[in-house]
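The structure under discussion appears below in the form of structure tokens.
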Amino acid sequence: MQVPSVGRLLVELQKGVTQLHRAGMQSPLAPLLRGSPAHEFLVLETTGRRSGARRATPLSFTTDGDAFVVIASNGGAARDPDWYRNLQADRDATVELRGARAPVRAATVTGAERDRLWRNAVRSYPGYAAYQLRARREIPVVRLLPRR
């Protein structure tokens, strides 16, 4: 029997926590679990770039006009999160928030606009600044625009 690496164990733990989080955010108890509006989460549904299966990921967010803004921090890991890699392959996704679903199109933001949205995200959740220090990459900022 081969013993899994610590990295593999951490990946599996993160997947389990994400599944629990997603189930909670999609349950009738979601309003109680969300806490204050400042700590609200959306559920981003993407299409798996290799499997073609639908993937649901709970994410914190900010807004910019009618767009949602999400941060592909992956907890400060050296690689981008799978949901972001899925969006690079297929920009069309669905967002669920407070039980309402809406189709969106993702766009990675760059330059001064990225810097502005990054600052807003760090104000919303200061932990992003620590993630950026740990990551060996510029953490992507993603705008999720409503599809009409």
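The chains in the structure tokens are called A, B, ... from first to last as shown; in each chain the residues are counted from 1, and the ligands are counted from 1 in the order shown.
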Inset, instruction - List the neighbours of Asp82 (chain A) out to 10 Å using only C-alpha atoms; skip same-chain residues closer than 3 positions along the sequence, and give me the result as an MDAnalysis selection string. - result: chainID A and resid 46 48:49 55 57 72 74 79 85:88
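Among the candidates A:Arg148, A:Tyr131, A:Gln2, A:Arg116, the one nearest to Ala78 (chain A) when counting only C-alpha atoms is A:Tyr131.
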Near Leu133 (chain A), within 12 Å and counting only C-alpha atoms, which residues show up once chain neighbours fewer than 6 positions away are dropped, as a PDB file with N, CA and C atoms, in the first residue's frame?
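The result, written out as selection03.pdb:
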ATOM      1  N   SER A  73      -7.264  32.987  -5.638  1.00  0.00           N
ATOM      2  CA  SER A  73      -6.130  32.920  -4.710  1.00  0.00           C
ATOM      3  C   SER A  73      -5.660  31.505  -4.445  1.00  0.00           C
ATOM      4  N   GLY A  75      -5.896  29.997  -1.842  1.00  0.00           N
ATOM      5  CA  GLY A  75      -5.299  30.009  -0.506  1.00  0.00           C
ATOM      6  C   GLY A  75      -3.830  30.385  -0.493  1.00  0.00           C
ATOM      7  N   GLY A  76      -3.355  31.037  -1.549  1.00  0.00           N
ATOM      8  CA  GLY A  76      -1.946  31.417  -1.631  1.00  0.00           C
ATOM      9  C   GLY A  76      -1.058  30.323  -2.200  1.00  0.00           C
ATOM     10  N   ALA A  77      -1.666  29.276  -2.768  1.00  0.00           N
ATOM     11  CA  ALA A  77      -0.884  28.197  -3.375  1.00  0.00           C
ATOM     12  C   ALA A  77      -0.153  28.701  -4.618  1.00  0.00           C
ATOM     13  N   ALA A  78       0.855  27.959  -5.027  1.00  0.00           N
ATOM     14  CA  ALA A  78       1.680  28.357  -6.171  1.00  0.00           C
ATOM     15  C   ALA A  78       0.949  28.224  -7.506  1.00  0.00           C
ATOM     16  N   GLY A 127      -7.136  38.722   4.261  1.00  0.00           N
ATOM     17  CA  GLY A 127      -6.337  37.517   4.074  1.00  0.00           C
ATOM     18  C   GLY A 127      -5.754  37.391   2.676  1.00  0.00           C
ATOM     19  N   ILE A 139      -1.861  36.748  -8.302  1.00  0.00           N
ATOM     20  CA  ILE A 139      -3.171  36.132  -8.141  1.00  0.00           C
ATOM     21  C   ILE A 139      -4.162  36.797  -9.091  1.00  0.00           C
TER      22      ILE A 139
END
Inset, instruction - Enumerate, as an MDAnalysis selection string, the complete set of residues in region 46-97 of chain A that a backbone-based DSSP assignment places in strand (DSSP E or B). - result: chainID A and resid 46:47 54:60 62:64 67:71 92:97
With C-alpha atoms retained, could you export that selection as a compact mmCIF listing (two decimals), in the first residue's frame?
# COMPACT_ATOMS: atom_id res chain seq x y z
CA THR A 46 -17.96 25.95 -14.24
CA THR A 47 -17.43 23.20 -16.78
CA ARG A 54 -20.19 20.67 -14.02
CA ARG A 55 -18.13 21.86 -11.04
CA ALA A 56 -19.53 24.02 -8.22
CA THR A 57 -17.25 26.09 -6.00
CA PRO A 58 -18.26 28.48 -3.19
CA LEU A 59 -16.33 31.75 -3.38
CA SER A 60 -16.27 35.03 -1.55
CA THR A 62 -17.12 41.72 -4.21
CA THR A 63 -19.15 43.58 -6.77
CA ASP A 64 -18.24 46.13 -9.40
CA ALA A 67 -20.48 42.27 -12.14
CA PHE A 68 -19.24 39.92 -9.45
CA VAL A 69 -15.50 39.98 -8.75
CA VAL A 70 -13.77 36.83 -7.48
CA ILE A 71 -10.15 36.23 -6.56
CA ASP A 92 -19.21 30.87 -19.67
CA ALA A 93 -20.37 29.88 -16.18
CA THR A 94 -23.28 30.18 -13.78
CA VAL A 95 -23.43 31.99 -10.46
CA GLU A 96 -25.84 31.07 -7.69
CA LEU A 97 -26.48 33.64 -5.00
Inset, instruction - Find the residues near Phe61 (chain A): any atom within 10 Å, counting only C-alpha atoms, skip ones fewer than 4 places away on the same chain, and give them as a list in words. - result: Ala38, His39, Glu40, Phe41, Leu42, Val43, Phe68, Val69, Val70, Ile71, Ala121, Ser124, Tyr125, Val142 and Arg143 of chain A
Mind writing the picked residues with C-alpha atoms as a PDB file, in the first residue's frame?
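Listing of again.pdb after writing:
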ATOM      1  CA  ALA A  38     -20.176  41.208   4.226  1.00  0.00           C
ATOM      2  CA  HIS A  39     -19.364  37.497   4.508  1.00  0.00           C
ATOM      3  CA  GLU A  40     -21.654  36.262   1.773  1.00  0.00           C
ATOM      4  CA  PHE A  41     -20.552  33.627  -0.721  1.00  0.00           C
ATOM      5  CA  LEU A  42     -21.672  32.809  -4.212  1.00  0.00           C
ATOM      6  CA  VAL A  43     -21.487  29.389  -5.821  1.00  0.00           C
ATOM      7  CA  PHE A  68     -19.238  39.916  -9.448  1.00  0.00           C
ATOM      8  CA  VAL A  69     -15.503  39.983  -8.749  1.00  0.00           C
ATOM      9  CA  VAL A  70     -13.772  36.830  -7.477  1.00  0.00           C
ATOM     10  CA  ILE A  71     -10.150  36.230  -6.558  1.00  0.00           C
ATOM     11  CA  ALA A 121     -11.067  42.604  -2.474  1.00  0.00           C
ATOM     12  CA  SER A 124     -13.305  42.983   1.951  1.00  0.00           C
ATOM     13  CA  TYR A 125     -11.019  40.130   3.062  1.00  0.00           C
ATOM     14  CA  VAL A 142     -11.826  37.720 -12.313  1.00  0.00           C
ATOM     15  CA  ARG A 143     -14.858  39.776 -13.264  1.00  0.00           C
TER      16      ARG A 143
END
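When only C-alpha atoms are used to measure the gap to Arg50 (chain A), the shortest distance among A:Ala89, A:Pro126, A:Asp80, A:Val3 belongs to A:Ala89.
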